[in-house]
Each structure stands twice: as C-alpha cells, then as structure tokens.
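For reference, start.cif is printed below; it contains mmCIF, N, CA, C and O atoms.
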data_coords
#
loop_
_atom_site.label_atom_id
_atom_site.label_comp_id
_atom_site.auth_asym_id
_atom_site.auth_seq_id
_atom_site.Cartn_x
_atom_site.Cartn_y
_atom_site.Cartn_z
N MET A 1 -8.84 7.65 17.37
CA MET A 1 -8.72 6.48 16.51
C MET A 1 -7.72 6.80 15.38
O MET A 1 -7.86 7.80 14.69
N SER A 2 -6.73 5.95 15.21
CA SER A 2 -5.71 6.23 14.20
C SER A 2 -6.18 5.82 12.80
O SER A 2 -6.99 4.90 12.65
N LYS A 3 -5.68 6.50 11.83
CA LYS A 3 -5.97 6.18 10.43
C LYS A 3 -5.08 5.02 10.01
O LYS A 3 -3.96 4.86 10.50
N THR A 4 -5.58 4.20 9.09
CA THR A 4 -4.84 3.03 8.63
C THR A 4 -4.40 3.23 7.19
O THR A 4 -5.20 3.60 6.33
N ILE A 5 -3.12 2.97 6.95
CA ILE A 5 -2.52 3.16 5.63
C ILE A 5 -1.96 1.84 5.13
O ILE A 5 -1.28 1.12 5.87
N LEU A 6 -2.23 1.53 3.87
CA LEU A 6 -1.65 0.36 3.21
C LEU A 6 -0.52 0.84 2.33
O LEU A 6 -0.70 1.73 1.49
N ILE A 7 0.66 0.25 2.52
CA ILE A 7 1.81 0.54 1.66
C ILE A 7 2.03 -0.68 0.77
O ILE A 7 2.26 -1.78 1.26
N ILE A 8 1.94 -0.48 -0.54
CA ILE A 8 2.22 -1.54 -1.51
C ILE A 8 3.54 -1.17 -2.17
O ILE A 8 3.59 -0.29 -3.04
N GLU A 9 4.61 -1.83 -1.75
CA GLU A 9 5.97 -1.47 -2.17
C GLU A 9 6.83 -2.73 -2.14
O GLU A 9 6.88 -3.42 -1.13
N ASP A 10 7.51 -3.03 -3.26
CA ASP A 10 8.33 -4.24 -3.32
C ASP A 10 9.74 -4.04 -2.79
O ASP A 10 10.42 -5.02 -2.49
N ASP A 11 10.19 -2.82 -2.63
CA ASP A 11 11.52 -2.56 -2.07
C ASP A 11 11.37 -2.47 -0.55
O ASP A 11 10.82 -1.50 -0.01
N ALA A 12 11.86 -3.49 0.15
CA ALA A 12 11.67 -3.60 1.60
C ALA A 12 12.23 -2.40 2.36
O ALA A 12 11.61 -1.93 3.32
N SER A 13 13.38 -1.88 1.94
CA SER A 13 13.97 -0.76 2.66
C SER A 13 13.11 0.50 2.55
O SER A 13 12.94 1.24 3.52
N ILE A 14 12.52 0.73 1.38
CA ILE A 14 11.63 1.89 1.21
C ILE A 14 10.37 1.70 2.03
O ILE A 14 9.92 2.62 2.74
N ALA A 15 9.79 0.51 1.97
CA ALA A 15 8.56 0.23 2.73
C ALA A 15 8.79 0.39 4.23
O ALA A 15 7.93 0.94 4.94
N GLU A 16 9.95 -0.04 4.72
CA GLU A 16 10.24 0.07 6.16
C GLU A 16 10.40 1.52 6.59
O GLU A 16 9.92 1.91 7.66
N VAL A 17 11.06 2.34 5.77
CA VAL A 17 11.22 3.76 6.10
C VAL A 17 9.85 4.45 6.12
O VAL A 17 9.54 5.20 7.04
N GLU A 18 9.04 4.17 5.12
CA GLU A 18 7.69 4.75 5.07
C GLU A 18 6.88 4.31 6.28
O GLU A 18 6.23 5.13 6.94
N ARG A 19 6.91 3.02 6.58
CA ARG A 19 6.16 2.48 7.72
C ARG A 19 6.61 3.12 9.02
O ARG A 19 5.79 3.57 9.83
N ASP A 20 7.92 3.18 9.24
CA ASP A 20 8.45 3.75 10.48
C ASP A 20 8.02 5.21 10.65
O ASP A 20 7.58 5.61 11.72
N PHE A 21 8.14 5.99 9.59
CA PHE A 21 7.75 7.40 9.66
C PHE A 21 6.27 7.54 9.99
O PHE A 21 5.88 8.35 10.84
N LEU A 22 5.45 6.76 9.33
CA LEU A 22 4.00 6.85 9.55
C LEU A 22 3.61 6.38 10.95
O LEU A 22 2.78 7.01 11.61
N GLU A 23 4.21 5.29 11.42
CA GLU A 23 3.89 4.80 12.75
C GLU A 23 4.32 5.78 13.84
O GLU A 23 3.60 5.97 14.81
N ILE A 24 5.48 6.40 13.67
CA ILE A 24 5.95 7.41 14.63
C ILE A 24 4.95 8.56 14.72
O ILE A 24 4.77 9.16 15.77
N ASN A 25 4.27 8.83 13.61
CA ASN A 25 3.31 9.93 13.56
C ASN A 25 1.87 9.47 13.83
O ASN A 25 0.92 10.19 13.53
N GLY A 26 1.72 8.28 14.40
CA GLY A 26 0.42 7.84 14.90
C GLY A 26 -0.47 7.07 13.95
O GLY A 26 -1.64 6.81 14.27
N PHE A 27 0.04 6.67 12.80
CA PHE A 27 -0.77 5.92 11.85
C PHE A 27 -0.57 4.42 12.04
O PHE A 27 0.52 3.97 12.38
N ALA A 28 -1.61 3.64 11.79
CA ALA A 28 -1.49 2.19 11.71
C ALA A 28 -1.12 1.86 10.27
O ALA A 28 -1.66 2.46 9.33
N VAL A 29 -0.18 0.94 10.08
CA VAL A 29 0.34 0.65 8.75
C VAL A 29 0.29 -0.85 8.46
O VAL A 29 0.62 -1.67 9.31
N ASP A 30 -0.14 -1.17 7.25
CA ASP A 30 -0.12 -2.54 6.75
C ASP A 30 0.75 -2.53 5.50
O ASP A 30 0.73 -1.57 4.73
N LEU A 31 1.53 -3.59 5.29
CA LEU A 31 2.44 -3.67 4.15
C LEU A 31 2.08 -4.81 3.21
O LEU A 31 1.60 -5.86 3.65
N ALA A 32 2.35 -4.60 1.94
CA ALA A 32 2.26 -5.65 0.92
C ALA A 32 3.48 -5.49 0.01
O ALA A 32 3.81 -4.38 -0.40
N ALA A 33 4.15 -6.60 -0.29
CA ALA A 33 5.40 -6.55 -1.04
C ALA A 33 5.27 -6.86 -2.53
O ALA A 33 6.25 -6.84 -3.26
N ASP A 34 4.05 -7.16 -2.99
CA ASP A 34 3.85 -7.41 -4.41
C ASP A 34 2.44 -6.99 -4.80
O ASP A 34 1.59 -6.76 -3.95
N GLY A 35 2.21 -6.91 -6.09
CA GLY A 35 0.94 -6.42 -6.59
C GLY A 35 -0.26 -7.28 -6.23
O GLY A 35 -1.31 -6.77 -5.86
N GLU A 36 -0.12 -8.58 -6.35
CA GLU A 36 -1.24 -9.48 -6.04
C GLU A 36 -1.67 -9.35 -4.59
O GLU A 36 -2.86 -9.22 -4.29
N THR A 37 -0.70 -9.41 -3.68
CA THR A 37 -1.00 -9.29 -2.25
C THR A 37 -1.59 -7.92 -1.95
O THR A 37 -2.56 -7.80 -1.20
N GLY A 38 -0.99 -6.88 -2.53
CA GLY A 38 -1.48 -5.53 -2.31
C GLY A 38 -2.90 -5.34 -2.77
O GLY A 38 -3.73 -4.74 -2.08
N LEU A 39 -3.21 -5.86 -3.95
CA LEU A 39 -4.57 -5.74 -4.48
C LEU A 39 -5.56 -6.47 -3.58
O LEU A 39 -6.63 -5.94 -3.27
N GLN A 40 -5.19 -7.67 -3.14
CA GLN A 40 -6.08 -8.44 -2.27
C GLN A 40 -6.32 -7.71 -0.96
O GLN A 40 -7.45 -7.61 -0.49
N LYS A 41 -5.26 -7.18 -0.34
CA LYS A 41 -5.42 -6.44 0.92
C LYS A 41 -6.27 -5.20 0.71
O LYS A 41 -7.12 -4.86 1.54
N ALA A 42 -6.04 -4.49 -0.39
CA ALA A 42 -6.79 -3.28 -0.68
C ALA A 42 -8.28 -3.58 -0.87
O ALA A 42 -9.14 -2.81 -0.41
N MET A 43 -8.59 -4.70 -1.52
CA MET A 43 -9.98 -5.07 -1.76
C MET A 43 -10.67 -5.56 -0.49
O MET A 43 -11.85 -5.29 -0.29
N ASP A 44 -9.93 -6.27 0.34
CA ASP A 44 -10.51 -6.88 1.54
C ASP A 44 -10.51 -5.96 2.75
O ASP A 44 -11.33 -6.12 3.65
N GLY A 45 -9.57 -5.02 2.80
CA GLY A 45 -9.39 -4.18 3.98
C GLY A 45 -10.12 -2.86 3.88
O GLY A 45 -10.77 -2.54 2.88
N SER A 46 -10.00 -2.11 4.95
CA SER A 46 -10.59 -0.77 5.01
C SER A 46 -9.44 0.20 5.34
O SER A 46 -9.03 0.30 6.50
N TYR A 47 -8.94 0.88 4.32
CA TYR A 47 -7.79 1.77 4.48
C TYR A 47 -8.19 3.21 4.22
O TYR A 47 -9.01 3.49 3.34
N ASP A 48 -7.58 4.11 4.96
CA ASP A 48 -7.82 5.53 4.76
C ASP A 48 -6.96 6.08 3.63
O ASP A 48 -7.31 7.09 3.01
N LEU A 49 -5.84 5.41 3.36
CA LEU A 49 -4.91 5.83 2.32
C LEU A 49 -4.13 4.62 1.85
O LEU A 49 -3.80 3.74 2.65
N ILE A 50 -3.83 4.58 0.56
CA ILE A 50 -2.97 3.54 0.00
C ILE A 50 -1.80 4.23 -0.69
O ILE A 50 -2.00 5.06 -1.59
N LEU A 51 -0.58 3.90 -0.25
CA LEU A 51 0.64 4.35 -0.93
C LEU A 51 1.05 3.24 -1.88
O LEU A 51 1.36 2.14 -1.44
N LEU A 52 1.06 3.55 -3.16
CA LEU A 52 1.17 2.51 -4.18
C LEU A 52 2.35 2.76 -5.10
O LEU A 52 2.43 3.79 -5.77
N ASP A 53 3.27 1.80 -5.13
CA ASP A 53 4.38 1.82 -6.08
C ASP A 53 3.82 1.46 -7.45
O ASP A 53 2.87 0.68 -7.56
N LEU A 54 4.37 2.02 -8.51
CA LEU A 54 3.88 1.71 -9.84
C LEU A 54 4.51 0.45 -10.43
O LEU A 54 3.85 -0.31 -11.12
N MET A 55 5.80 0.24 -10.17
CA MET A 55 6.50 -0.91 -10.74
C MET A 55 6.60 -2.00 -9.68
O MET A 55 7.49 -1.98 -8.84
N LEU A 56 5.66 -2.96 -9.76
CA LEU A 56 5.59 -4.04 -8.78
C LEU A 56 5.65 -5.39 -9.49
O LEU A 56 5.21 -5.51 -10.64
N PRO A 57 6.15 -6.41 -8.80
CA PRO A 57 6.07 -7.75 -9.38
C PRO A 57 4.62 -8.24 -9.37
O PRO A 57 3.85 -7.88 -8.49
N GLY A 58 4.27 -9.01 -10.36
CA GLY A 58 2.90 -9.52 -10.45
C GLY A 58 2.00 -8.50 -11.12
O GLY A 58 2.09 -8.27 -12.32
N VAL A 59 1.18 -7.84 -10.35
CA VAL A 59 0.26 -6.83 -10.86
C VAL A 59 0.90 -5.46 -10.64
O VAL A 59 1.30 -5.13 -9.53
N ASP A 60 1.00 -4.63 -11.70
CA ASP A 60 1.63 -3.32 -11.56
C ASP A 60 0.67 -2.33 -10.89
O ASP A 60 -0.54 -2.56 -10.80
N GLY A 61 1.22 -1.24 -10.41
CA GLY A 61 0.46 -0.25 -9.66
C GLY A 61 -0.68 0.39 -10.44
O GLY A 61 -1.74 0.65 -9.88
N LEU A 62 -0.49 0.63 -11.73
CA LEU A 62 -1.57 1.23 -12.53
C LEU A 62 -2.76 0.28 -12.64
O LEU A 62 -3.92 0.71 -12.57
N THR A 63 -2.48 -1.00 -12.80
CA THR A 63 -3.56 -1.99 -12.87
C THR A 63 -4.30 -2.07 -11.53
O THR A 63 -5.53 -2.14 -11.51
N ILE A 64 -3.55 -2.03 -10.43
CA ILE A 64 -4.19 -2.04 -9.11
C ILE A 64 -5.11 -0.83 -8.97
O ILE A 64 -6.26 -0.96 -8.55
N MET A 65 -4.62 0.34 -9.33
CA MET A 65 -5.41 1.56 -9.22
C MET A 65 -6.69 1.45 -10.05
O MET A 65 -7.79 1.79 -9.60
N LYS A 66 -6.57 0.97 -11.28
CA LYS A 66 -7.75 0.83 -12.15
C LYS A 66 -8.76 -0.15 -11.55
O LYS A 66 -9.96 0.10 -11.59
N ARG A 67 -8.29 -1.25 -11.00
CA ARG A 67 -9.20 -2.23 -10.40
C ARG A 67 -9.90 -1.66 -9.17
O ARG A 67 -11.09 -1.91 -8.96
N LEU A 68 -9.17 -0.91 -8.37
CA LEU A 68 -9.77 -0.33 -7.17
C LEU A 68 -10.79 0.75 -7.53
O LEU A 68 -11.80 0.90 -6.84
N ARG A 69 -10.55 1.46 -8.59
CA ARG A 69 -11.48 2.50 -9.04
C ARG A 69 -12.63 1.93 -9.86
O ARG A 69 -13.59 2.65 -10.16
N GLY A 70 -12.52 0.68 -10.26
CA GLY A 70 -13.56 0.07 -11.06
C GLY A 70 -13.54 0.48 -12.52
O GLY A 70 -14.54 0.43 -13.22
N VAL A 71 -12.36 0.86 -13.00
CA VAL A 71 -12.21 1.30 -14.40
C VAL A 71 -11.92 0.11 -15.29
O VAL A 71 -11.18 -0.76 -14.98
#

Is it possible to express this structure as structure tokens?
Amino acid sequence: MSKTILIIEDDASIAEVERDFLEINGFAVDLAADGETGLQKAMDGSYDLILLDLMLPGVDGLTIMKRLRGV
C-alpha cells in the first residue's frame, strides 16, 4: 500500500517536480495550489505527509500548520 502525500504549493512548476519525483518513487500525491484549498484537503483527507510552502495565497503555511496542530 503506497503512502499518500499532500503538497501545498502555489508555484505550479515546483509542485509538478515534487509530484513527479514522489510518484516515480511509489507515492500517491495530492496537490493544492493555495492555502484555503490545502487546509481543507489536509483537514478532510488522510495523509502520511504534508509538504507545505510557507508563503501561500490566502492562508499562509504557518497558519495552516497551527490549525492542523490545534495550536
């Protein structure tokens, strides 16, 4: 069973390189291009790892991290 990774990254070229590398190595990958979408996916989904950009449109990465940790 492959591990699932959520990439929250607003730069499409960076997100695509990360996704391609991870998929080649057997991981399932889900993408979010902004903070709001990323936070929603992170809250609703079941991910083994979240790769999180700090500077995102909408909700920034630090705020997402705090909300996910319940801080």

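Nearest to Phe27 in chain A of all the residues A:Asp44, A:Leu52, A:Met1, A:Ser13 is A:Met1, counting only C-alpha atoms.
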
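You will find atom O of Asn25 in chain A at 8.9 Å from atom N of Ser2 in chain A.
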
>> Need to verify the contact set: Leu54 in chain A, 8 Å, only N, CA, C and O atoms, exclusion of same-chain residues closer than 4 positions in sequence. Can you return it as a PyMOL selection string?
In response: chain A and resi 8-10+59-64

> Expanded to explicit residues, what is the PyMOL selection byres ((chain A and resi 47) around 7) for this file, as JSON, numbers by chain?
Replying inline: {"A": [3, 4, 5, 6, 41, 42, 45, 46, 48, 49, 50]}

>> Taking the DSSP secondary structure from the backbone, can you list the residues of chain A that are strand (DSSP E or B), as a list in words?
In response: Thr4, Ile5, Leu6, Ile7, Ile8, Ala28, Val29, Asp30, Leu31, Ala32, Leu49, Ile50, Leu51 and Leu52 of chain A

Expected answer as a short mmCIF file (atom, residue, chain, number, x, y, z; two decimals) with N, CA, C and O atoms, keeping the file's coordinate frame: alpha helix (DSSP H) residues in chain A:
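File produced: states04.cif:
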data_model
loop_
_atom_site.label_atom_id
_atom_site.label_comp_id
_atom_site.auth_asym_id
_atom_site.auth_seq_id
_atom_site.Cartn_x
_atom_site.Cartn_y
_atom_site.Cartn_z
N ALA A 12 11.86 -3.49 0.15
CA ALA A 12 11.67 -3.60 1.60
C ALA A 12 12.23 -2.40 2.36
O ALA A 12 11.61 -1.93 3.32
N SER A 13 13.38 -1.88 1.94
CA SER A 13 13.97 -0.76 2.66
C SER A 13 13.11 0.50 2.55
O SER A 13 12.94 1.24 3.52
N ILE A 14 12.52 0.73 1.38
CA ILE A 14 11.63 1.89 1.21
C ILE A 14 10.37 1.70 2.03
O ILE A 14 9.92 2.62 2.74
N ALA A 15 9.79 0.51 1.97
CA ALA A 15 8.56 0.23 2.73
C ALA A 15 8.79 0.39 4.23
O ALA A 15 7.93 0.94 4.94
N GLU A 16 9.95 -0.04 4.72
CA GLU A 16 10.24 0.07 6.16
C GLU A 16 10.40 1.52 6.59
O GLU A 16 9.92 1.91 7.66
N VAL A 17 11.06 2.34 5.77
CA VAL A 17 11.22 3.76 6.10
C VAL A 17 9.85 4.45 6.12
O VAL A 17 9.54 5.20 7.04
N GLU A 18 9.04 4.17 5.12
CA GLU A 18 7.69 4.75 5.07
C GLU A 18 6.88 4.31 6.28
O GLU A 18 6.23 5.13 6.94
N ARG A 19 6.91 3.02 6.58
CA ARG A 19 6.16 2.48 7.72
C ARG A 19 6.61 3.12 9.02
O ARG A 19 5.79 3.57 9.83
N ASP A 20 7.92 3.18 9.24
CA ASP A 20 8.45 3.75 10.48
C ASP A 20 8.02 5.21 10.65
O ASP A 20 7.58 5.61 11.72
N PHE A 21 8.14 5.99 9.59
CA PHE A 21 7.75 7.40 9.66
C PHE A 21 6.27 7.54 9.99
O PHE A 21 5.88 8.35 10.84
N LEU A 22 5.45 6.76 9.33
CA LEU A 22 4.00 6.85 9.55
C LEU A 22 3.61 6.38 10.95
O LEU A 22 2.78 7.01 11.61
N GLU A 23 4.21 5.29 11.42
CA GLU A 23 3.89 4.80 12.75
C GLU A 23 4.32 5.78 13.84
O GLU A 23 3.60 5.97 14.81
N ILE A 24 5.48 6.40 13.67
CA ILE A 24 5.95 7.41 14.63
C ILE A 24 4.95 8.56 14.72
O ILE A 24 4.77 9.16 15.77
N GLY A 35 2.21 -6.91 -6.09
CA GLY A 35 0.94 -6.42 -6.59
C GLY A 35 -0.26 -7.28 -6.23
O GLY A 35 -1.31 -6.77 -5.86
N GLU A 36 -0.12 -8.58 -6.35
CA GLU A 36 -1.24 -9.48 -6.04
C GLU A 36 -1.67 -9.35 -4.59
O GLU A 36 -2.86 -9.22 -4.29
N THR A 37 -0.70 -9.41 -3.68
CA THR A 37 -1.00 -9.29 -2.25
C THR A 37 -1.59 -7.92 -1.95
O THR A 37 -2.56 -7.80 -1.20
N GLY A 38 -0.99 -6.88 -2.53
CA GLY A 38 -1.48 -5.53 -2.31
C GLY A 38 -2.90 -5.34 -2.77
O GLY A 38 -3.73 -4.74 -2.08
N LEU A 39 -3.21 -5.86 -3.95
CA LEU A 39 -4.57 -5.74 -4.48
C LEU A 39 -5.56 -6.47 -3.58
O LEU A 39 -6.63 -5.94 -3.27
N GLN A 40 -5.19 -7.67 -3.14
CA GLN A 40 -6.08 -8.44 -2.27
C GLN A 40 -6.32 -7.71 -0.96
O GLN A 40 -7.45 -7.61 -0.49
N LYS A 41 -5.26 -7.18 -0.34
CA LYS A 41 -5.42 -6.44 0.92
C LYS A 41 -6.27 -5.20 0.71
O LYS A 41 -7.12 -4.86 1.54
N ALA A 42 -6.04 -4.49 -0.39
CA ALA A 42 -6.79 -3.28 -0.68
C ALA A 42 -8.28 -3.58 -0.87
O ALA A 42 -9.14 -2.81 -0.41
N MET A 43 -8.59 -4.70 -1.52
CA MET A 43 -9.98 -5.07 -1.76
C MET A 43 -10.67 -5.56 -0.49
O MET A 43 -11.85 -5.29 -0.29
N ASP A 44 -9.93 -6.27 0.34
CA ASP A 44 -10.51 -6.88 1.54
C ASP A 44 -10.51 -5.96 2.75
O ASP A 44 -11.33 -6.12 3.65
N GLY A 61 1.22 -1.24 -10.41
CA GLY A 61 0.46 -0.25 -9.66
C GLY A 61 -0.68 0.39 -10.44
O GLY A 61 -1.74 0.65 -9.88
N LEU A 62 -0.49 0.63 -11.73
CA LEU A 62 -1.57 1.23 -12.53
C LEU A 62 -2.76 0.28 -12.64
O LEU A 62 -3.92 0.71 -12.57
N THR A 63 -2.48 -1.00 -12.80
CA THR A 63 -3.56 -1.99 -12.87
C THR A 63 -4.30 -2.07 -11.53
O THR A 63 -5.53 -2.14 -11.51
N ILE A 64 -3.55 -2.03 -10.43
CA ILE A 64 -4.19 -2.04 -9.11
C ILE A 64 -5.11 -0.83 -8.97
O ILE A 64 -6.26 -0.96 -8.55
N MET A 65 -4.62 0.34 -9.33
CA MET A 65 -5.41 1.56 -9.22
C MET A 65 -6.69 1.45 -10.05
O MET A 65 -7.79 1.79 -9.60
N LYS A 66 -6.57 0.97 -11.28
CA LYS A 66 -7.75 0.83 -12.15
C LYS A 66 -8.76 -0.15 -11.55
O LYS A 66 -9.96 0.10 -11.59
N ARG A 67 -8.29 -1.25 -11.00
CA ARG A 67 -9.20 -2.23 -10.40
C ARG A 67 -9.90 -1.66 -9.17
O ARG A 67 -11.09 -1.91 -8.96
N LEU A 68 -9.17 -0.91 -8.37
CA LEU A 68 -9.77 -0.33 -7.17
C LEU A 68 -10.79 0.75 -7.53
O LEU A 68 -11.80 0.90 -6.84
N ARG A 69 -10.55 1.46 -8.59
CA ARG A 69 -11.48 2.50 -9.04
C ARG A 69 -12.63 1.93 -9.86
O ARG A 69 -13.59 2.65 -10.16
#

Return as JSON the centre and edge lengths, in Å with one decimal, of the box along x, y and z that encloses every atom of range 9-16 of chain A in the file, padded by 5 Å per side.
{"center_x": 9.3, "center_y": -1.2, "center_z": 2.2, "size_x": 19.4, "size_y": 17.6, "size_z": 21.0}

Could you expand the PyMOL selection byres (((chain A and resi 58 and name CA) around 7) and name CA) into the explicit residues it covers here, written as a PDB file with N, CA, C and O atoms, keeping the file's coordinate frame?
ATOM      1  N   ASP A  34       4.050  -7.160  -2.990  1.00  0.00           N
ATOM      2  CA  ASP A  34       3.850  -7.410  -4.410  1.00  0.00           C
ATOM      3  C   ASP A  34       2.440  -6.990  -4.800  1.00  0.00           C
ATOM      4  O   ASP A  34       1.590  -6.760  -3.950  1.00  0.00           O
ATOM      5  N   GLY A  35       2.210  -6.910  -6.090  1.00  0.00           N
ATOM      6  CA  GLY A  35       0.940  -6.420  -6.590  1.00  0.00           C
ATOM      7  C   GLY A  35      -0.260  -7.280  -6.230  1.00  0.00           C
ATOM      8  O   GLY A  35      -1.310  -6.770  -5.860  1.00  0.00           O
ATOM      9  N   GLU A  36      -0.120  -8.580  -6.350  1.00  0.00           N
ATOM     10  CA  GLU A  36      -1.240  -9.480  -6.040  1.00  0.00           C
ATOM     11  C   GLU A  36      -1.670  -9.350  -4.590  1.00  0.00           C
ATOM     12  O   GLU A  36      -2.860  -9.220  -4.290  1.00  0.00           O
ATOM     13  N   LEU A  56       5.660  -2.960  -9.760  1.00  0.00           N
ATOM     14  CA  LEU A  56       5.590  -4.040  -8.780  1.00  0.00           C
ATOM     15  C   LEU A  56       5.650  -5.390  -9.490  1.00  0.00           C
ATOM     16  O   LEU A  56       5.210  -5.510 -10.640  1.00  0.00           O
ATOM     17  N   PRO A  57       6.150  -6.410  -8.800  1.00  0.00           N
ATOM     18  CA  PRO A  57       6.070  -7.750  -9.380  1.00  0.00           C
ATOM     19  C   PRO A  57       4.620  -8.240  -9.370  1.00  0.00           C
ATOM     20  O   PRO A  57       3.850  -7.880  -8.490  1.00  0.00           O
ATOM     21  N   VAL A  59       1.180  -7.840 -10.350  1.00  0.00           N
ATOM     22  CA  VAL A  59       0.260  -6.830 -10.860  1.00  0.00           C
ATOM     23  C   VAL A  59       0.900  -5.460 -10.640  1.00  0.00           C
ATOM     24  O   VAL A  59       1.300  -5.130  -9.530  1.00  0.00           O
ATOM     25  N   ASP A  60       1.000  -4.630 -11.700  1.00  0.00           N
ATOM     26  CA  ASP A  60       1.630  -3.320 -11.560  1.00  0.00           C
ATOM     27  C   ASP A  60       0.670  -2.330 -10.890  1.00  0.00           C
ATOM     28  O   ASP A  60      -0.540  -2.560 -10.800  1.00  0.00           O
TER      29      ASP A  60
END

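One distance worth recording is that between CA of Val29 in chain A and CA of Ile7 in chain A, which is 7.2 Å.
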
>> Would you pick out the contacts of Glu18 in chain A at 10 Å or less, using only C-alpha atoms, so that residues sharing its chain but fewer than 2 positions from it are not included, and give the list as a ChimeraX atom specification?
In response: /A:7,9,12-16,20-23,29,31,51

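Interatomic distance, atom N of Asp30 in chain A against atom O of Asp53 in chain A: 15.2 Å.
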
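Of the residues listed (A:Met55, A:Ile24, A:Leu68, A:Val17), A:Leu68 shows the shortest atom-to-atom separation from Met43 in chain A; distances use all atoms listed in the file.
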